[in-house]
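A short write-up of the structure that comes next.
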There are 2 protein chains.
Amino acid sequence: MVTLQDVADRAQVSLTTASRVLSDGQRRVGSQLAGRVTQAAAELGYTANLQARAVATGQSNMVGVVVHDISDPYFSSIAAGLIDVAHPRQLLVCLSSTPGEDGEREYVSLMRAQRARAVIIIGSRSTDSVAVAGLRAEVAAFLSAGGRAACVGQDQLGVDTIRPENAAGAQALARALVTQGHRRFAVLAGPRELLTARDRLDGFRTGLADWSVDLAETDVIHGAFTRDGGYEAMSAILAADGPLPDCVFAVNDVMAVGALARLRAAGIPVPAGVGLAGFDDISTLRDVFPPLTTVRLPLARMGELAASLIFTDVLPSKPRVIPVPGEVILRESTTKPPPGH
Amino acid sequence: MVTLQDVADRAQVSLTTASRVLSDGQRRVGSQLAGRVTQAAAELGYTANLQARAVATGQSNMVGVVVHDISDPYFSSIAAGLIDVAHPRQLLVCLSSTPGEDGEREYVSLMRAQRARAVIIIGSRSTDSVAVAGLRAEVAAFLSAGGRAACVGQDQLGVDTIRPENAAGAQALARALVTQGHRRFAVLAGPRELLTARDRLDGFRTGLADWSVDLAETDVIHGAFTRDGGYEAMSAILAADGPLPDCVFAVNDVMAVGALARLRAAGIPVPAGVGLAGFDDISTLRDVFPPLTTVRLPLARMGELAASLIFTDVLPSKPRVIPVPGEVILRESTTKPPPGH
DNA sequence: AGACTTTCGGAAAGTGCTTTCCGACACTAA
DNA sequence: TTAGTGTCGGAAAGCACTTTCCGAAAGTCT
């Protein structure tokens, strides 16, 4: 590996001078010597060792990003927005997909060891208070080591947070669906311990209550937060005896698509047989048929916001929480068939 | 920041001993002192500075991953497979989404500066020979600096490559479609300069030729490799006068979905009005209706393979190329309607 | 008991960079 | 001519680690 010393030797200058030329610092170097140095560097194919530079200067250009599953379009969209902001700033984005229970805590710890400049945690935290407390402590340690941190999701970590308004969005959706004429609902509610899922369920229930519509406990089906989870939950609804609900709300689009597949398999038309709504407005899912009523979250924008919180020079005295509203998008999947149908 | 020296002081041992205890090296330390050191480290909340360690040892645990667009499910699926392999090995995955022309080259250069252990380039390279040559040179520099490199896509960089068999897959698809009874085809061919797109087009044409079916040049529509590109290209087909083709092949699933949306807007049923096939078998798109005939690529598996090529200790004398076959999946979107329909 | 090996702690020399501090030189002003 | 003020190159002291080398102590063998 060619080192700065090699460059200095070849240019017949001191290590100091070579460093000054090549590391755009404060001090200038005479154009004569500077020329010799840059030329020598080019001839040798020299590339500064950023690790060593980071050690010497005590600051790195790395930012860590934690997501649950990068292949999930929800996360990858946010990550994309984030990368778009980080890239022009010459920051190195390190990404972790953490399936495991304690993965987030471990990764934040790793980022602290790497002396990363910032860490961004994306994703719906569970209600497992032990895990949250552990993560919270790790983040606090990261902060006190001089790093910055932000979160996209629930405001549980005591850091700057981009908070999607899950409850309000679901509430607005519920009201819109009632306005469309639906009266009896079922909810594919996702996992009990997932806060995001719970907020959406609660918000939906609130929205129904606003219009004095009741949601029976038996019409709330819990399951996985995935396509297959939606498929299974819809199966459970179909298996129950009694009439189908007017409309089914899946707490995310991916589950809604699973539910749709199940309905299709059962030969039940949407929305004629039953209405179906999702949440998120995942872009790759906008072309399913019938088009899904959903609540749009500006995912890429949320990633950008998170990044910009981190990269402001001023360190806020208190953690900021930026609410991001969802927008109800009514599409065909919930169009109420004309009465007497 | 608490440093190793602080730990050593508190444990009343030398820096050396503290280092030996905390950095699982070769030499052992007596359990008495070792205990004092670990306790002191715990009390101080010490975390080793991995950057400094990397400088001292001359080896890092970073691997760089370059993709075109992380929010594209094709790339994020591969990346997910890759991360799954890298994570248990305590490797730090740094990801770049490079929209720009020269972004890949820049990122590999950055990885060289970071003294990354390996770099993995995912994505369909263009046929722009200047850009490819630049990237190739940069990768060569990275290799000669002692790094490992691998590529998922076309074998153009002179490194270990996971090569999806685009041509063979498209050829098999074409033959299957002809067998199904289709005779006149159109292809939504993506960008001219994209090698992946071109290989799929060429393979498709070959497959048709195997059965003596011709593909008219006017039935090949170039456009963007995206959902909207598919939508536009399908518009062009609809705008042309003359009868519709029996079947349309979009060179990837995302384009096929765009085409499907266009057909739906035009009120043309699939497959009754026209057949439609894609490529990739993107998992989030498996529930579109009608289900898309496509060629499945094991994306996550490809990511895993790329990672495993990199992490083998033996350095191959010649770059290995591992072909990954696609599997034709016939679904409803190309079911030939009974004749006389 | 003496020679030989093994175990184990610490001083010091790296690792590749930045930055402070010093001194040399030139240039301006009195 | 001389003191004052910049400008600019280089020696050396960091940065937070690892690792080599050395020497002391303890254990083993004859």
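Residue numbering restarts at 1 in every chain; chains get A, B, ... in the order shown in the structure tokens, and ligands count up from 1 in that same order.
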request  = Identify all chain C residues at most 9 Å from chain B by counting only C-alpha atoms (C1' of nucleotides); ligands do not count. Present them as a list in words.
outcome  =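 Per the criterion, chain C yields DC8, DG9, DG10, DG14, DT15 and DG16 of chain C.
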inquiry  = With DSSP run on the backbone, what are the alpha helix (DSSP H) residues within segment 47-241 of chain B? I'd like them as a VMD selection string.
reply    = chain B and resid 50 to 57 73 to 86 103 to 113 129 to 144 166 to 180 195 to 210 227 to 239
query = What residues in chain B lie within 6 Å of chain A, counting only C-alpha atoms, written as a list of chain:residue names?
reply =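 Result: B:Thr47, B:Ala48, B:Asn49, B:Leu50, B:Gln51, B:Ala52, B:Val55, B:Ser71, B:Ser76, B:Ser77, B:Ala80, B:Val93, B:Cys94, B:Leu95, B:Ala113, B:Gln114, B:Val288.
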Kindly export the residues of the current selection with N, CA and C atoms, as an mmCIF file, in the first residue's frame.
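The resulting file, again23.cif, is reproduced below:
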```
data_model
loop_
_atom_site.group_PDB
_atom_site.id
_atom_site.type_symbol
_atom_site.label_atom_id
_atom_site.label_comp_id
_atom_site.auth_asym_id
_atom_site.auth_seq_id
_atom_site.Cartn_x
_atom_site.Cartn_y
_atom_site.Cartn_z
ATOM 1 N N THR B 47 -15.440 1.357 24.979
ATOM 2 C CA THR B 47 -15.645 0.665 23.709
ATOM 3 C C THR B 47 -14.435 0.931 22.836
ATOM 4 N N ALA B 48 -13.814 -0.117 22.375
ATOM 5 C CA ALA B 48 -12.601 0.044 21.573
ATOM 6 C C ALA B 48 -12.888 0.874 20.330
ATOM 7 N N ASN B 49 -11.957 1.675 19.954
ATOM 8 C CA ASN B 49 -12.063 2.469 18.733
ATOM 9 C C ASN B 49 -11.653 1.598 17.548
ATOM 10 N N LEU B 50 -12.642 1.165 16.796
ATOM 11 C CA LEU B 50 -12.362 0.227 15.712
ATOM 12 C C LEU B 50 -11.536 0.852 14.599
ATOM 13 N N GLN B 51 -11.669 2.144 14.438
ATOM 14 C CA GLN B 51 -10.876 2.809 13.403
ATOM 15 C C GLN B 51 -9.402 2.710 13.746
ATOM 16 N N ALA B 52 -9.098 3.034 14.989
ATOM 17 C CA ALA B 52 -7.701 2.978 15.420
ATOM 18 C C ALA B 52 -7.188 1.542 15.312
ATOM 19 N N VAL B 55 -6.367 0.790 11.808
ATOM 20 C CA VAL B 55 -5.100 1.397 11.390
ATOM 21 C C VAL B 55 -3.932 0.573 11.918
ATOM 22 N N SER B 71 -34.228 1.414 -3.501
ATOM 23 C CA SER B 71 -35.675 1.276 -3.342
ATOM 24 C C SER B 71 -36.279 0.384 -4.428
ATOM 25 N N SER B 76 -32.835 -4.409 -3.700
ATOM 26 C CA SER B 76 -32.926 -4.563 -2.251
ATOM 27 C C SER B 76 -33.015 -6.039 -1.873
ATOM 28 N N SER B 77 -33.581 -6.863 -2.756
ATOM 29 C CA SER B 77 -33.632 -8.292 -2.454
ATOM 30 C C SER B 77 -32.236 -8.899 -2.468
ATOM 31 N N ALA B 80 -30.374 -7.756 0.542
ATOM 32 C CA ALA B 80 -30.809 -8.439 1.762
ATOM 33 C C ALA B 80 -30.089 -9.777 1.911
ATOM 34 N N VAL B 93 -21.518 -3.517 6.641
ATOM 35 C CA VAL B 93 -21.955 -3.339 5.262
ATOM 36 C C VAL B 93 -22.260 -1.862 4.985
ATOM 37 N N CYS B 94 -21.521 -1.295 4.067
ATOM 38 C CA CYS B 94 -21.781 0.080 3.684
ATOM 39 C C CYS B 94 -22.376 0.093 2.294
ATOM 40 N N LEU B 95 -23.477 0.787 2.161
ATOM 41 C CA LEU B 95 -24.257 0.697 0.949
ATOM 42 C C LEU B 95 -24.336 2.034 0.249
ATOM 43 N N ALA B 113 -10.191 4.067 -0.330
ATOM 44 C CA ALA B 113 -9.696 5.004 0.674
ATOM 45 C C ALA B 113 -10.014 4.514 2.084
ATOM 46 N N GLN B 114 -11.150 3.857 2.219
ATOM 47 C CA GLN B 114 -11.520 3.336 3.528
ATOM 48 C C GLN B 114 -10.791 2.038 3.833
ATOM 49 N N VAL B 288 -50.105 -9.404 -8.241
ATOM 50 C CA VAL B 288 -50.860 -8.581 -9.195
ATOM 51 C C VAL B 288 -51.831 -9.505 -9.920
#
```
inquiry  = Taking 6 positions as the minimum chain separation for residues in the same chain, which residues sit within 6 Å of segment 160-176 of chain B when counting only C-alpha atoms (C1' of nucleotides)? Answer as a ChimeraX atom specification.
reply    = /B:150-154,199-200,203-204,206-208,319-326,328
task = Fewer than 4 positions away in the same chain doesn't count, so skip those; otherwise give me all residues within 12 Å of DC4 of chain C, counting only C-alpha atoms (C1' of nucleotides), as a VMD selection string.
result = chain D and resid 27 to 30
As an mmCIF file with C-alpha atoms (C1' of nucleotides), in the first residue's frame, could you give me every residue of chain D near chain A (at most 9 Å apart, counting only C-alpha atoms (C1' of nucleotides))?
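What follows is the written file selection.cif:
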```
data_model
loop_
_atom_site.group_PDB
_atom_site.id
_atom_site.type_symbol
_atom_site.label_atom_id
_atom_site.label_comp_id
_atom_site.auth_asym_id
_atom_site.auth_seq_id
_atom_site.Cartn_x
_atom_site.Cartn_y
_atom_site.Cartn_z
ATOM 1 C "C1'" DC D 8 6.050 28.772 4.292
ATOM 2 C "C1'" DG D 9 8.691 24.245 5.148
ATOM 3 C "C1'" DG D 10 9.840 20.719 8.480
ATOM 4 C "C1'" DG D 14 -0.052 13.703 18.987
ATOM 5 C "C1'" DC D 15 -4.385 10.172 17.839
ATOM 6 C "C1'" DA D 16 -5.911 5.218 19.842
#
```
ask   = In Å to one decimal, how far is atom CA of Ser19 of chain A from atom C1' of DT18 of chain C?
value = 7.7 Å
Contact residues around DC21 of chain C with only C-alpha atoms (C1' of nucleotides) at 12 Å, ignoring same-chain residues under 5 positions, as an MDAnalysis selection string = chainID D and resid 10:13
Store the residues of this selection in a file with N, CA and C atoms (P, O5', C5', C4', C3', O3' and C1' of nucleotides), as an mmCIF file, in the first residue's frame.
```
data_model
loop_
_atom_site.group_PDB
_atom_site.id
_atom_site.type_symbol
_atom_site.label_atom_id
_atom_site.label_comp_id
_atom_site.auth_asym_id
_atom_site.auth_seq_id
_atom_site.Cartn_x
_atom_site.Cartn_y
_atom_site.Cartn_z
ATOM 1 P P DG D 10 10.113 20.689 3.362
ATOM 2 O "O5'" DG D 10 10.314 20.638 4.940
ATOM 3 C "C5'" DG D 10 11.512 21.192 5.490
ATOM 4 C "C4'" DG D 10 11.612 20.855 6.954
ATOM 5 C "C3'" DG D 10 11.372 19.389 7.305
ATOM 6 O "O3'" DG D 10 12.233 19.067 8.379
ATOM 7 C "C1'" DG D 10 9.840 20.719 8.480
ATOM 8 P P DA D 11 12.649 17.567 8.599
ATOM 9 O "O5'" DA D 11 12.742 17.519 10.194
ATOM 10 C "C5'" DA D 11 13.364 18.597 10.894
ATOM 11 C "C4'" DA D 11 12.878 18.632 12.341
ATOM 12 C "C3'" DA D 11 12.746 17.265 13.016
ATOM 13 O "O3'" DA D 11 13.183 17.399 14.363
ATOM 14 C "C1'" DA D 11 10.646 18.343 13.022
ATOM 15 P P DA D 12 13.188 16.142 15.312
ATOM 16 O "O5'" DA D 12 11.765 16.230 16.032
ATOM 17 C "C5'" DA D 12 11.342 17.478 16.582
ATOM 18 C "C4'" DA D 12 9.979 17.310 17.236
ATOM 19 C "C3'" DA D 12 9.736 15.952 17.901
ATOM 20 O "O3'" DA D 12 8.893 16.168 18.998
ATOM 21 C "C1'" DA D 12 8.090 16.298 16.335
ATOM 22 P P DA D 13 8.910 15.251 20.262
ATOM 23 O "O5'" DA D 13 7.466 15.516 20.881
ATOM 24 C "C5'" DA D 13 6.885 16.819 20.781
ATOM 25 C "C4'" DA D 13 5.385 16.704 20.597
ATOM 26 C "C3'" DA D 13 4.744 15.544 21.362
ATOM 27 O "O3'" DA D 13 3.498 15.962 21.869
ATOM 28 C "C1'" DA D 13 4.202 15.369 19.109
#
```
request  = Check the DSSP output for the backbone and give back, as a ChimeraX atom specification, the residues of segment 56-207 of chain A in strand (DSSP E or B).
outcome  = /A:62-67,92-97,118-122,126,148-152,160-164,185-190,194
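Of note, atom CA of Ala131 of chain B and atom CA of Ala42 of chain A are spaced 20.2 Å apart.
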task = Take atom CA of Glu304 of chain B and atom CA of Val85 of chain B and report the distance between them in Å, one decimal.
result =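 Separation of atom CA of Glu304 of chain B and atom CA of Val85 of chain B: 6.0 Å.
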